[in-house]
file input_12.pdb (PDB, C-alpha atoms)
ATOM      1  CA  MET A1011     -57.847   6.393  52.535
ATOM      2  CA  ARG A1012     -59.582   6.569  49.144
ATOM      3  CA  ASN A1013     -57.673   6.748  45.914
ATOM      4  CA  HIS A1014     -58.560  10.120  44.389
ATOM      5  CA  THR A1015     -57.733   9.211  40.803
ATOM      6  CA  PRO A1016     -60.643  10.240  38.573
ATOM      7  CA  VAL A1017     -62.393   7.267  36.998
ATOM      8  CA  THR A1018     -62.522   9.052  33.674
ATOM      9  CA  ASP A1019     -58.709   9.007  33.512
ATOM     10  CA  LEU A1020     -57.777   5.473  34.628
ATOM     11  CA  MET A1021     -60.877   3.494  35.604
ATOM     12  CA  THR A1022     -62.943   2.627  32.590
ATOM     13  CA  THR A1023     -65.575   0.446  34.239
ATOM     14  CA  PHE A1024     -67.993   0.231  37.142
ATOM     15  CA  ILE A1025     -69.244  -2.948  38.796
ATOM     16  CA  LEU A1026     -72.974  -3.249  39.428
ATOM     17  CA  MET A1027     -73.352  -5.163  42.680
ATOM     18  CA  GLY A1028     -77.016  -5.984  42.044
ATOM     19  CA  PHE A1029     -79.681  -6.359  44.719
ATOM     20  CA  PRO A1030     -79.239  -8.447  47.888
ATOM     21  CA  HIS A1031     -80.208 -12.108  47.446
ATOM     22  CA  ALA A1032     -78.818 -15.576  48.078
ATOM     23  CA  PRO A1033     -76.523 -16.855  45.260
ATOM     24  CA  ALA A1034     -78.658 -19.996  45.022
ATOM     25  CA  LEU A1035     -81.522 -17.810  43.750
ATOM     26  CA  ASP A1036     -79.590 -16.555  40.698
ATOM     27  CA  THR A1037     -81.047 -19.118  38.282
ATOM     28  CA  PRO A1038     -84.678 -18.948  39.527
ATOM     29  CA  LEU A1039     -84.587 -15.136  39.518
ATOM     30  CA  PHE A1040     -83.102 -15.154  36.026
ATOM     31  CA  GLY A1041     -85.994 -17.318  34.807
ATOM     32  CA  ILE A1042     -88.654 -15.190  36.526
ATOM     33  CA  PHE A1043     -87.276 -11.848  35.315
ATOM     34  CA  LEU A1044     -86.725 -13.192  31.786
ATOM     35  CA  VAL A1045     -90.370 -14.322  31.542
ATOM     36  CA  ILE A1046     -91.583 -10.965  32.897
ATOM     37  CA  TYR A1047     -89.369  -9.070  30.437
ATOM     38  CA  LEU A1048     -90.562 -11.115  27.446
ATOM     39  CA  LEU A1049     -94.202 -10.653  28.492
ATOM     40  CA  THR A1050     -93.582  -6.909  28.874
ATOM     41  CA  VAL A1051     -92.106  -6.546  25.390
ATOM     42  CA  VAL A1052     -94.722  -8.768  23.723
ATOM     43  CA  GLY A1053     -97.601  -7.141  25.623
ATOM     44  CA  ASN A1054     -96.592  -3.592  24.753
ATOM     45  CA  LEU A1055     -95.825  -4.521  21.138
ATOM     46  CA  LEU A1056     -99.281  -6.095  20.916
ATOM     47  CA  ILE A1057    -100.931  -2.903  22.160
ATOM     48  CA  LEU A1058     -98.968  -0.866  19.604
ATOM     49  CA  LEU A1059    -100.019  -3.279  16.847
ATOM     50  CA  VAL A1060    -103.682  -3.289  17.843
ATOM     51  CA  ILE A1061    -103.885   0.515  18.105
ATOM     52  CA  SER A1062    -102.194   0.999  14.732
ATOM     53  CA  MET A1063    -104.425  -1.547  12.934
ATOM     54  CA  ASP A1064    -107.859  -0.794  14.434
ATOM     55  CA  SER A1065    -109.335   2.478  13.156
ATOM     56  CA  HIS A1066    -111.731   2.627  16.122
ATOM     57  CA  LEU A1067    -108.716   3.143  18.375
ATOM     58  CA  HIS A1068    -107.360   6.117  16.427
ATOM     59  CA  THR A1069    -108.388   8.536  19.172
ATOM     60  CA  PRO A1070    -106.352  10.812  21.490
ATOM     61  CA  MET A1071    -106.672   8.397  24.424
ATOM     62  CA  TYR A1072    -105.157   5.496  22.486
ATOM     63  CA  TYR A1073    -102.610   7.750  20.798
ATOM     64  CA  PHE A1074    -101.201   8.543  24.239
ATOM     65  CA  LEU A1075    -101.549   4.900  25.284
ATOM     66  CA  ALA A1076     -99.406   3.928  22.279
ATOM     67  CA  ASN A1077     -96.751   6.394  23.468
ATOM     68  CA  LEU A1078     -96.955   4.866  26.944
ATOM     69  CA  SER A1079     -96.528   1.328  25.594
ATOM     70  CA  PHE A1080     -93.507   2.400  23.552
ATOM     71  CA  ILE A1081     -91.918   4.015  26.615
ATOM     72  CA  ASP A1082     -92.607   0.991  28.839
ATOM     73  CA  MET A1083     -91.092  -1.399  26.331
ATOM     74  CA  TRP A1084     -87.827   0.561  26.219
ATOM     75  CA  PHE A1085     -87.882   1.480  29.915
ATOM     76  CA  SER A1086     -87.746  -2.223  30.721
ATOM     77  CA  THR A1087     -85.133  -2.870  28.012
ATOM     78  CA  VAL A1088     -82.774  -0.252  29.448
ATOM     79  CA  THR A1089     -82.501  -2.061  32.785
ATOM     80  CA  VAL A1090     -83.654  -5.704  32.705
ATOM     81  CA  PRO A1091     -81.243  -7.292  30.144
ATOM     82  CA  LYS A1092     -78.211  -5.990  32.061
ATOM     83  CA  MET A1093     -79.694  -7.305  35.299
ATOM     84  CA  LEU A1094     -80.236 -10.716  33.676
ATOM     85  CA  MET A1095     -76.603 -10.805  32.522
ATOM     86  CA  SER A1096     -75.392 -10.041  36.048
ATOM     87  CA  LEU A1097     -77.408 -12.975  37.435
ATOM     88  CA  VAL A1098     -75.837 -15.613  35.199
ATOM     89  CA  SER A1099     -72.316 -14.292  34.624
ATOM     90  CA  PRO A1100     -69.807 -12.578  36.942
ATOM     91  CA  GLY A1101     -68.611 -10.578  33.952
ATOM     92  CA  GLY A1102     -72.158  -9.375  33.408
ATOM     93  CA  LYS A1103     -71.850  -7.123  36.451
ATOM     94  CA  THR A1104     -69.227  -4.975  34.717
ATOM     95  CA  ILE A1105     -70.375  -1.871  32.857
ATOM     96  CA  SER A1106     -68.217   0.712  31.111
ATOM     97  CA  PHE A1107     -68.187   4.330  32.229
ATOM     98  CA  HIS A1108     -69.914   5.546  29.057
ATOM     99  CA  SER A1109     -72.438   2.697  29.079
ATOM    100  CA  CYS A1110     -73.265   3.601  32.662
ATOM    101  CA  MET A1111     -73.762   7.203  31.602
ATOM    102  CA  ALA A1112     -76.004   6.112  28.713
ATOM    103  CA  GLN A1113     -78.052   3.872  31.003
ATOM    104  CA  LEU A1114     -78.591   6.639  33.565
ATOM    105  CA  TYR A1115     -79.606   9.097  30.828
ATOM    106  CA  SER A1116     -81.992   6.620  29.169
ATOM    107  CA  PHE A1117     -83.446   5.550  32.526
ATOM    108  CA  HIS A1118     -84.311   9.105  33.592
ATOM    109  CA  PHE A1119     -85.284  10.165  30.067
ATOM    110  CA  LEU A1120     -87.898   7.439  29.715
ATOM    111  CA  GLY A1121     -88.994   7.687  33.351
ATOM    112  CA  SER A1122     -89.526  11.451  33.319
ATOM    113  CA  THR A1123     -91.194  11.318  29.888
ATOM    114  CA  GLU A1124     -93.620   8.731  31.282
ATOM    115  CA  CYS A1125     -94.256  11.020  34.247
ATOM    116  CA  PHE A1126     -95.162  13.902  31.912
ATOM    117  CA  LEU A1127     -97.225  11.578  29.729
ATOM    118  CA  TYR A1128     -99.381  10.463  32.667
ATOM    119  CA  THR A1129    -100.112  14.138  33.286
ATOM    120  CA  VAL A1130    -101.117  14.676  29.664
ATOM    121  CA  MET A1131    -103.322  11.566  29.765
ATOM    122  CA  SER A1132    -105.144  12.876  32.845
ATOM    123  CA  TYR A1133    -105.696  16.179  31.028
ATOM    124  CA  ASP A1134    -107.077  14.263  28.059
ATOM    125  CA  ARG A1135    -109.541  12.372  30.319
ATOM    126  CA  TYR A1136    -110.544  15.688  31.914
ATOM    127  CA  LEU A1137    -111.440  17.188  28.535
ATOM    128  CA  ALA A1138    -113.228  14.022  27.366
ATOM    129  CA  ILE A1139    -115.490  13.855  30.433
ATOM    130  CA  SER A1140    -115.956  17.545  31.212
ATOM    131  CA  TYR A1141    -116.400  18.756  27.623
ATOM    132  CA  PRO A1142    -117.719  15.751  25.629
ATOM    133  CA  LEU A1143    -119.287  17.848  22.840
ATOM    134  CA  ARG A1144    -116.198  19.993  22.284
ATOM    135  CA  TYR A1145    -113.645  17.260  22.984
ATOM    136  CA  SER A1146    -112.840  16.365  19.379
ATOM    137  CA  SER A1147    -112.069  19.976  18.473
ATOM    138  CA  MET A1148    -110.181  20.703  21.709
ATOM    139  CA  MET A1149    -107.998  17.584  21.412
ATOM    140  CA  SER A1150    -107.206  17.602  17.700
ATOM    141  CA  GLY A1151    -104.565  15.433  16.081
ATOM    142  CA  ARG A1152    -102.208  18.392  15.903
ATOM    143  CA  ARG A1153    -102.625  19.157  19.605
ATOM    144  CA  CYS A1154    -102.070  15.496  20.511
ATOM    145  CA  ALA A1155     -98.828  15.449  18.522
ATOM    146  CA  LEU A1156     -97.717  18.725  20.132
ATOM    147  CA  LEU A1157     -98.412  17.454  23.655
ATOM    148  CA  ALA A1158     -96.644  14.136  23.014
ATOM    149  CA  THR A1159     -93.614  15.878  21.480
ATOM    150  CA  THR A1160     -93.434  18.251  24.441
ATOM    151  CA  THR A1161     -93.356  15.344  26.910
ATOM    152  CA  TRP A1162     -90.473  13.699  25.019
ATOM    153  CA  LEU A1163     -88.447  16.920  24.737
ATOM    154  CA  THR A1164     -89.030  17.886  28.372
ATOM    155  CA  GLY A1165     -88.093  14.385  29.511
ATOM    156  CA  SER A1166     -84.885  14.579  27.499
ATOM    157  CA  LEU A1167     -83.951  17.940  29.045
ATOM    158  CA  HIS A1168     -84.738  16.741  32.563
ATOM    159  CA  SER A1169     -82.599  13.626  32.100
ATOM    160  CA  ALA A1170     -79.716  15.602  30.611
ATOM    161  CA  VAL A1171     -79.571  17.704  33.791
ATOM    162  CA  GLN A1172     -79.376  14.558  35.967
ATOM    163  CA  THR A1173     -76.687  12.985  33.793
ATOM    164  CA  ILE A1174     -74.477  16.066  33.481
ATOM    165  CA  LEU A1175     -74.622  16.799  37.207
ATOM    166  CA  THR A1176     -73.795  13.184  38.088
ATOM    167  CA  PHE A1177     -70.910  12.561  35.684
ATOM    168  CA  ARG A1178     -69.180  15.944  35.845
ATOM    169  CA  LEU A1179     -67.638  14.869  39.162
ATOM    170  CA  PRO A1180     -64.318  13.008  39.592
ATOM    171  CA  TYR A1181     -64.832   9.387  40.697
ATOM    172  CA  CYS A1182     -62.570   7.225  42.846
ATOM    173  CA  GLY A1183     -62.210   3.593  43.723
ATOM    174  CA  PRO A1184     -63.838   1.351  44.739
ATOM    175  CA  GLN A1185     -65.790   0.938  41.531
ATOM    176  CA  GLN A1186     -68.717  -0.976  43.053
ATOM    177  CA  ILE A1187     -72.140   0.593  42.544
ATOM    178  CA  GLN A1188     -74.476  -0.768  45.206
ATOM    179  CA  HIS A1189     -77.346  -1.223  42.782
ATOM    180  CA  TYR A1190     -78.267  -3.275  39.721
ATOM    181  CA  ILE A1191     -78.574  -0.184  37.488
ATOM    182  CA  CYS A1192     -76.624   3.030  37.068
ATOM    183  CA  ASP A1193     -78.648   5.568  39.009
ATOM    184  CA  ALA A1194     -77.586   8.904  40.461
ATOM    185  CA  PRO A1195     -77.831   8.255  44.246
ATOM    186  CA  PRO A1196     -75.542   5.154  44.373
ATOM    187  CA  ILE A1197     -73.120   6.606  41.793
ATOM    188  CA  LEU A1198     -72.673   9.854  43.724
ATOM    189  CA  LYS A1199     -71.479   7.835  46.738
ATOM    190  CA  LEU A1200     -68.332   6.974  44.739
ATOM    191  CA  ALA A1201     -67.419  10.598  43.956
ATOM    192  CA  CYS A1202     -64.180  12.092  45.257
ATOM    193  CA  ALA A1203     -65.726  15.544  45.731
ATOM    194  CA  ASP A1204     -68.431  16.941  47.978
ATOM    195  CA  THR A1205     -71.778  15.916  46.474
ATOM    196  CA  SER A1206     -74.166  17.622  48.905
ATOM    197  CA  ALA A1207     -74.948  20.556  46.586
ATOM    198  CA  ILE A1208     -75.489  18.292  43.564
ATOM    199  CA  GLU A1209     -77.631  15.907  45.613
ATOM    200  CA  MET A1210     -79.826  18.830  46.644
ATOM    201  CA  VAL A1211     -80.149  20.018  43.038
ATOM    202  CA  ILE A1212     -81.078  16.513  41.839
ATOM    203  CA  PHE A1213     -83.482  16.096  44.765
ATOM    204  CA  PHE A1214     -85.097  19.458  43.950
ATOM    205  CA  ASN A1215     -85.177  18.743  40.205
ATOM    206  CA  ILE A1216     -86.872  15.360  40.604
ATOM    207  CA  GLY A1217     -89.075  16.670  43.417
ATOM    208  CA  VAL A1218     -90.406  19.591  41.412
ATOM    209  CA  VAL A1219     -91.146  17.427  38.374
ATOM    210  CA  ALA A1220     -92.800  14.588  40.310
ATOM    211  CA  SER A1221     -94.747  16.869  42.656
ATOM    212  CA  SER A1222     -95.945  19.154  39.868
ATOM    213  CA  CYS A1223     -97.068  16.262  37.683
ATOM    214  CA  PHE A1224     -98.820  14.504  40.553
ATOM    215  CA  LEU A1225    -100.541  17.724  41.657
ATOM    216  CA  LEU A1226    -101.811  18.366  38.119
ATOM    217  CA  ILE A1227    -103.089  14.787  37.900
ATOM    218  CA  VAL A1228    -104.903  15.147  41.234
ATOM    219  CA  LEU A1229    -106.457  18.449  40.139
ATOM    220  CA  SER A1230    -107.565  16.866  36.851
ATOM    221  CA  TYR A1231    -109.254  14.014  38.688
ATOM    222  CA  VAL A1232    -110.944  16.324  41.188
ATOM    223  CA  SER A1233    -112.468  18.144  38.206
ATOM    224  CA  ILE A1234    -113.309  14.810  36.556
ATOM    225  CA  VAL A1235    -115.116  13.534  39.655
ATOM    226  CA  CYS A1236    -117.113  16.773  39.886
ATOM    227  CA  SER A1237    -118.090  16.392  36.218
ATOM    228  CA  ILE A1238    -119.024  12.718  36.664
ATOM    229  CA  PHE A1239    -121.450  13.520  39.492
ATOM    230  CA  LYS A1240    -123.230  15.896  37.127
ATOM    231  CA  ILE A1241    -123.982  13.019  34.728
ATOM    232  CA  ARG A1242    -127.634  12.086  35.180
ATOM    233  CA  THR A1243    -127.622   8.369  34.324
ATOM    234  CA  SER A1244    -125.882   5.764  36.489
ATOM    235  CA  GLU A1245    -124.683   3.989  33.342
ATOM    236  CA  GLY A1246    -123.001   7.154  32.137
ATOM    237  CA  ARG A1247    -121.318   7.698  35.507
ATOM    238  CA  HIS A1248    -120.129   4.087  35.583
ATOM    239  CA  ARG A1249    -118.678   4.352  32.073
ATOM    240  CA  ALA A1250    -116.884   7.596  32.938
ATOM    241  CA  PHE A1251    -115.409   6.128  36.115
ATOM    242  CA  GLN A1252    -114.294   3.025  34.227
ATOM    243  CA  THR A1253    -112.340   5.034  31.656
ATOM    244  CA  CYS A1254    -110.329   6.667  34.458
ATOM    245  CA  THR A1255    -109.743   3.698  36.766
ATOM    246  CA  SER A1256    -107.009   2.106  34.622
ATOM    247  CA  HIS A1257    -105.111   5.375  34.449
ATOM    248  CA  CYS A1258    -105.376   5.870  38.232
ATOM    249  CA  ILE A1259    -103.989   2.375  38.915
ATOM    250  CA  VAL A1260    -100.886   2.786  36.760
ATOM    251  CA  VAL A1261    -100.290   6.343  38.051
ATOM    252  CA  LEU A1262    -100.228   5.140  41.664
ATOM    253  CA  CYS A1263     -97.959   2.198  40.786
ATOM    254  CA  PHE A1264     -95.563   4.556  38.985
ATOM    255  CA  PHE A1265     -95.427   7.481  41.414
ATOM    256  CA  GLY A1266     -95.454   5.468  44.654
ATOM    257  CA  PRO A1267     -92.087   3.668  44.243
ATOM    258  CA  GLY A1268     -90.507   6.718  42.576
ATOM    259  CA  VAL A1269     -91.374   8.975  45.515
ATOM    260  CA  PHE A1270     -90.073   6.338  47.947
ATOM    261  CA  ILE A1271     -86.702   6.131  46.167
ATOM    262  CA  TYR A1272     -85.960   9.771  45.359
ATOM    263  CA  LEU A1273     -87.985  11.960  47.714
ATOM    264  CA  ARG A1274     -87.302  10.531  51.147
ATOM    265  CA  PRO A1275     -84.443  11.461  53.470
ATOM    266  CA  GLY A1276     -81.625   8.947  53.588
ATOM    267  CA  SER A1277     -81.122   5.869  51.449
ATOM    268  CA  LYS A1278     -80.990   2.169  52.175
ATOM    269  CA  ASN A1279     -79.388   0.217  49.338
ATOM    270  CA  ALA A1280     -81.192  -3.064  49.994
ATOM    271  CA  VAL A1281     -84.637  -1.502  50.245
ATOM    272  CA  ASP A1282     -84.039   0.820  47.265
ATOM    273  CA  GLY A1283     -83.007  -2.143  45.099
ATOM    274  CA  VAL A1284     -86.166  -4.099  45.869
ATOM    275  CA  VAL A1285     -88.445  -1.094  45.314
ATOM    276  CA  THR A1286     -86.657  -0.205  42.071
ATOM    277  CA  ILE A1287     -87.346  -3.708  40.767
ATOM    278  CA  PHE A1288     -91.052  -3.009  41.174
ATOM    279  CA  TYR A1289     -91.159   0.038  38.920
ATOM    280  CA  THR A1290     -88.486  -1.037  36.423
ATOM    281  CA  VAL A1291     -89.587  -4.677  35.999
ATOM    282  CA  LEU A1292     -93.212  -5.015  37.100
ATOM    283  CA  THR A1293     -94.796  -1.631  36.286
ATOM    284  CA  PRO A1294     -93.989  -1.822  32.528
ATOM    285  CA  LEU A1295     -95.780  -5.202  32.497
ATOM    286  CA  LEU A1296     -98.657  -3.893  34.608
ATOM    287  CA  ASN A1297     -99.628  -1.229  32.083
ATOM    288  CA  PRO A1298    -100.566  -3.549  29.169
ATOM    289  CA  VAL A1299    -102.264  -5.945  31.602
ATOM    290  CA  VAL A1300    -104.395  -3.190  33.164
ATOM    291  CA  TYR A1301    -105.293  -1.564  29.872
ATOM    292  CA  THR A1302    -106.211  -4.839  28.159
ATOM    293  CA  LEU A1303    -108.051  -6.614  30.986
ATOM    294  CA  ARG A1304    -110.078  -3.539  31.986
ATOM    295  CA  ASN A1305    -110.648  -2.012  28.552
ATOM    296  CA  LYS A1306    -113.478  -3.445  26.448
ATOM    297  CA  GLU A1307    -112.410  -1.648  23.258
ATOM    298  CA  VAL A1308    -108.871  -3.036  23.432
ATOM    299  CA  LYS A1309    -110.202  -6.544  24.108
ATOM    300  CA  LYS A1310    -112.536  -6.270  21.113
ATOM    301  CA  ALA A1311    -109.652  -5.098  18.940
ATOM    302  CA  LEU A1312    -107.519  -8.029  20.145
ATOM    303  CA  LEU A1313    -110.299 -10.480  19.247
ATOM    304  CA  LYS A1314    -110.594  -8.900  15.784
ATOM    305  CA  LEU A1315    -106.857  -9.226  15.310
ATOM    306  CA  LYS A1316    -106.996 -12.860  16.435
ATOM    307  CA  ASP A1317    -109.842 -13.570  13.973
ATOM    308  CA  LYS A1318    -107.847 -11.962  11.139
ATOM    309  CA  VAL A1319    -104.790 -14.061  11.948
ATOM    310  CA  THR A1320    -106.882 -17.243  12.208
ATOM    311  CA  TYR A1321    -108.639 -16.499   8.913
ATOM    312  CA  SER A1322    -105.387 -15.799   7.054
ATOM    313  CA  GLN A1323    -103.854 -19.022   8.379
ATOM    314  CA  SER A1324    -106.881 -21.083   7.306
ATOM    315  CA  LYS A1325    -106.727 -19.822   3.697
TER
END
call {"tool": "encode", "arguments": {"input": "input_12.pdb", "output": "structure tokens"}}
result
Amino acid sequence: MRNHTPVTDLMTTFILMGFPHAPALDTPLFGIFLVIYLLTVVGNLLILLVISMDSHLHTPMYYFLANLSFIDMWFSTVTVPKMLMSLVSPGGKTISFHSCMAQLYSFHFLGSTECFLYTVMSYDRYLAISYPLRYSSMMSGRRCALLATTTWLTGSLHSAVQTILTFRLPYCGPQQIQHYICDAPPILKLACADTSAIEMVIFFNIGVVASSCFLLIVLSYVSIVCSIFKIRTSEGRHRAFQTCTSHCIVVLCFFGPGVFIYLRPGSKNAVDGVVTIFYTVLTPLLNPVVYTLRNKEVKKALLKLKDKVTYSQSK
């Protein structure tokens, strides 16, 4: 029979059990994830630096891309360092109650803000391709700032709902969270009370946000495709398609794993852990790679930055 002593009264820590793997893989996995994390941070910092220094990139598209890079850098930082600690030290698996709460809030705050930001970016591409002559007036600096601020505030509110609903419950032993991060589904399994109503609210909350954002993105791209086919020159159509391809790739990589984790019936800890690694570790790295390798303007800006650094070092 479970001990029904609330964790907030006596238990001050949880234990993150991590994802299933052989103990012999701890060191190799630590090395792989550390390299990926460092590349993620450096890559996103580089995009932020390039966008801030190159005046040609001071446009709405790159303004939102800078927001995305900032989110990805911190989204990875919220989860990966703790996972690295758990791979090399038994004590690294322990996390305090309040740290767990902070991690869950930050995880959903950054994740939902990124979800809203992808929607805003698709709207920006829709205006740029469908209304090229009026685009600069329709997407002014003030409107860009308003849209970006709205995504951050809405993401914060959405995350606060998840966090309050999850941690308002009494929690009992055992303290083991069958995951490598503090997320709502595995935490709710440790609650002493009936969680069915809260699980439905969280499911509905995440479902409405994800479905609405994805539907708006799809509608934007249907309109974009219709506008592209109206472009007379093949070069113009190719250029328009190219500006949207990068965004489509990262949207699919972000929404696919998220839908699999949160919007399917039932939960399998082992499978959820592996899929979560994809969108917490790999997706934040994928964004700078996709936007730099496929974007000529960013590559030109990187070469300019490299030339400036080389020139200053040679003086």
call {"tool": "closest_atom_pairs", "arguments": {"input": "input_12.pdb", "of": "range 1025-1132 of chain A", "to": "range 1211-1232 of chain A", "cutoff": "7 Å", "atoms": "all atoms listed in the file", "output": "JSON lines"}}
result
{"residue": "A:Cys1125", "atom": "CA", "partner": "A:Cys1223", "partner_atom": "CA", "distance": 6.9}
{"residue": "A:Phe1126", "atom": "CA", "partner": "A:Cys1223", "partner_atom": "CA", "distance": 6.5}
{"residue": "A:Thr1129", "atom": "CA", "partner": "A:Ile1227", "partner_atom": "CA", "distance": 5.5}
{"residue": "A:Ser1132", "atom": "CA", "partner": "A:Ile1227", "partner_atom": "CA", "distance": 5.8}
call {"tool": "resolve_selection", "arguments": {"input": "input_12.pdb", "expression": "the PyMOL selection byres ((chain A and resi 1095) around 12)", "output": "PDB file with C-alpha atoms, in the frame of the given file"}}
result
ATOM      1  CA  LEU A1026     -72.974  -3.249  39.428  1.00  0.00           C
ATOM      2  CA  GLY A1028     -77.016  -5.984  42.044  1.00  0.00           C
ATOM      3  CA  ASP A1036     -79.590 -16.555  40.698  1.00  0.00           C
ATOM      4  CA  THR A1037     -81.047 -19.118  38.282  1.00  0.00           C
ATOM      5  CA  LEU A1039     -84.587 -15.136  39.518  1.00  0.00           C
ATOM      6  CA  PHE A1040     -83.102 -15.154  36.026  1.00  0.00           C
ATOM      7  CA  GLY A1041     -85.994 -17.318  34.807  1.00  0.00           C
ATOM      8  CA  PHE A1043     -87.276 -11.848  35.315  1.00  0.00           C
ATOM      9  CA  LEU A1044     -86.725 -13.192  31.786  1.00  0.00           C
ATOM     10  CA  THR A1089     -82.501  -2.061  32.785  1.00  0.00           C
ATOM     11  CA  VAL A1090     -83.654  -5.704  32.705  1.00  0.00           C
ATOM     12  CA  PRO A1091     -81.243  -7.292  30.144  1.00  0.00           C
ATOM     13  CA  LYS A1092     -78.211  -5.990  32.061  1.00  0.00           C
ATOM     14  CA  MET A1093     -79.694  -7.305  35.299  1.00  0.00           C
ATOM     15  CA  LEU A1094     -80.236 -10.716  33.676  1.00  0.00           C
ATOM     16  CA  SER A1096     -75.392 -10.041  36.048  1.00  0.00           C
ATOM     17  CA  LEU A1097     -77.408 -12.975  37.435  1.00  0.00           C
ATOM     18  CA  VAL A1098     -75.837 -15.613  35.199  1.00  0.00           C
ATOM     19  CA  SER A1099     -72.316 -14.292  34.624  1.00  0.00           C
ATOM     20  CA  PRO A1100     -69.807 -12.578  36.942  1.00  0.00           C
ATOM     21  CA  GLY A1101     -68.611 -10.578  33.952  1.00  0.00           C
ATOM     22  CA  GLY A1102     -72.158  -9.375  33.408  1.00  0.00           C
ATOM     23  CA  LYS A1103     -71.850  -7.123  36.451  1.00  0.00           C
ATOM     24  CA  THR A1104     -69.227  -4.975  34.717  1.00  0.00           C
ATOM     25  CA  ILE A1105     -70.375  -1.871  32.857  1.00  0.00           C
ATOM     26  CA  TYR A1190     -78.267  -3.275  39.721  1.00  0.00           C
ATOM     27  CA  ILE A1191     -78.574  -0.184  37.488  1.00  0.00           C
TER      28      ILE A1191
END
call {"tool": "residues_around", "arguments": {"input": "input_12.pdb", "residues": "Leu1175 in chain A", "least_positions_apart": "4", "cutoff": "12 Å", "atoms": "all atoms listed in the file", "output": "PyMOL selection string"}}
result
chain A and resi 1111+1114-1115+1168-1171+1179-1180+1194-1195+1197-1198+1201+1205-1213+1215
call {"tool": "atom_distance", "arguments": {"input": "input_12.pdb", "atom1": "CA of Gly1266 in chain A", "atom2": "CA of Arg1249 in chain A"}}
result
26.4 Å
call {"tool": "residues_around", "arguments": {"input": "input_12.pdb", "residues": "Thr1302 in chain A", "least_positions_apart": "6", "cutoff": "9 Å", "atoms": "all atoms listed in the file", "output": "JSON, numbers by chain"}}
result
{"A": [1057, 1308, 1309, 1312]}
call {"tool": "closest_residue", "arguments": {"input": "input_12.pdb", "among": "A:Phe1177, A:His1257, A:Val1235, A:Ala1032", "to": "Ser1109 in chain A", "atoms": "all atoms listed in the file"}}
result
A:Phe1177
call {"tool": "residues_around", "arguments": {"input": "input_12.pdb", "residues": "Cys1154 in chain A", "least_positions_apart": "6", "cutoff": "8 Å", "atoms": "all atoms listed in the file", "output": "list in words"}}
result
Pro1070, Tyr1073 and Phe1074 of chain A
call {"tool": "write_last_selection", "arguments": {"input": "input_12.pdb", "atoms": "C-alpha atoms", "output": "mmCIF file, in the frame of the given file"}}
result
data_model
loop_
_atom_site.group_PDB
_atom_site.id
_atom_site.type_symbol
_atom_site.label_atom_id
_atom_site.label_comp_id
_atom_site.auth_asym_id
_atom_site.auth_seq_id
_atom_site.Cartn_x
_atom_site.Cartn_y
_atom_site.Cartn_z
ATOM 1 C CA PRO A 1070 -106.352 10.812 21.490
ATOM 2 C CA TYR A 1073 -102.610 7.750 20.798
ATOM 3 C CA PHE A 1074 -101.201 8.543 24.239
#
call {"tool": "atom_distance", "arguments": {"input": "input_12.pdb", "atom1": "CA of Ile1025 in chain A", "atom2": "CA of Pro1196 in chain A"}}
result
11.7 Å
call {"tool": "axis_aligned_box", "arguments": {"input": "input_12.pdb", "around": "range 1065-1070 of chain A", "padding_each_side": "6 Å", "output": "JSON"}}
result
{"center_x": -109.0, "center_y": 6.6, "center_z": 17.3, "size_x": 17.4, "size_y": 20.3, "size_z": 20.3}
call {"tool": "atom_distance", "arguments": {"input": "input_12.pdb", "atom1": "CA of Tyr1145 in chain A", "atom2": "CA of Thr1123 in chain A"}}
result
24.2 Å
call {"tool": "closest_residue", "arguments": {"input": "input_12.pdb", "among": "A:Cys1236, A:Ala1155, A:His1189, A:Arg1247", "to": "Val1285 in chain A", "atoms": "all atoms listed in the file"}}
result
A:His1189
call {"tool": "closest_residue", "arguments": {"input": "input_12.pdb", "among": "A:Ser1079, A:Gln1172, A:Tyr1181, A:Tyr1128", "to": "Leu1262 in chain A", "atoms": "all atoms listed in the file"}}
result
A:Tyr1128
call {"tool": "closest_residue", "arguments": {"input": "input_12.pdb", "among": "A:Asn1297, A:Thr1160, A:Gln1185, A:Thr1255", "to": "Ser1106 in chain A", "atoms": "only C-alpha atoms"}}
result
A:Gln1185
call {"tool": "closest_residue", "arguments": {"input": "input_12.pdb", "among": "A:Gln1252, A:Thr1164, A:Leu1059, A:Gln1113", "to": "Ala1076 in chain A", "atoms": "all atoms listed in the file"}}
result
A:Leu1059
call {"tool": "closest_residue", "arguments": {"input": "input_12.pdb", "among": "A:Val1130, A:Val1088, A:Ile1042, A:Leu1120", "to": "Gly1165 in chain A", "atoms": "all atoms listed in the file"}}
result
A:Leu1120
call {"tool": "residues_around", "arguments": {"input": "input_12.pdb", "residues": "Ala1311 in chain A", "least_positions_apart": "6", "cutoff": "9 Å", "atoms": "only C-alpha atoms", "output": "VMD selection string"}}
result
chain A and resid 1060 to 1061 1063 to 1064 1066 to 1067
call {"tool": "decode", "arguments": {"input": "input_12.pdb", "residues": "range 1123-1136 of chain A", "atoms": "C-alpha atoms", "output": "mmCIF file, in the first residue's frame"}}
result
data_model
loop_
_atom_site.group_PDB
_atom_site.id
_atom_site.type_symbol
_atom_site.label_atom_id
_atom_site.label_comp_id
_atom_site.auth_asym_id
_atom_site.auth_seq_id
_atom_site.Cartn_x
_atom_site.Cartn_y
_atom_site.Cartn_z
ATOM 1 C CA THR A 1123 6.209 29.706 -26.985
ATOM 2 C CA GLU A 1124 8.081 27.974 -29.816
ATOM 3 C CA CYS A 1125 4.799 26.448 -30.967
ATOM 4 C CA PHE A 1126 3.180 29.901 -31.144
ATOM 5 C CA LEU A 1127 6.278 31.348 -32.796
ATOM 6 C CA TYR A 1128 6.162 28.797 -35.625
ATOM 7 C CA THR A 1129 2.593 29.930 -36.253
ATOM 8 C CA VAL A 1130 3.641 33.578 -36.377
ATOM 9 C CA MET A 1131 6.515 32.721 -38.731
ATOM 10 C CA SER A 1132 4.123 30.965 -41.121
ATOM 11 C CA TYR A 1133 1.891 34.052 -41.045
ATOM 12 C CA ASP A 1134 4.917 36.202 -41.832
ATOM 13 C CA ARG A 1135 5.800 34.002 -44.853
ATOM 14 C CA TYR A 1136 2.164 34.190 -45.988
#
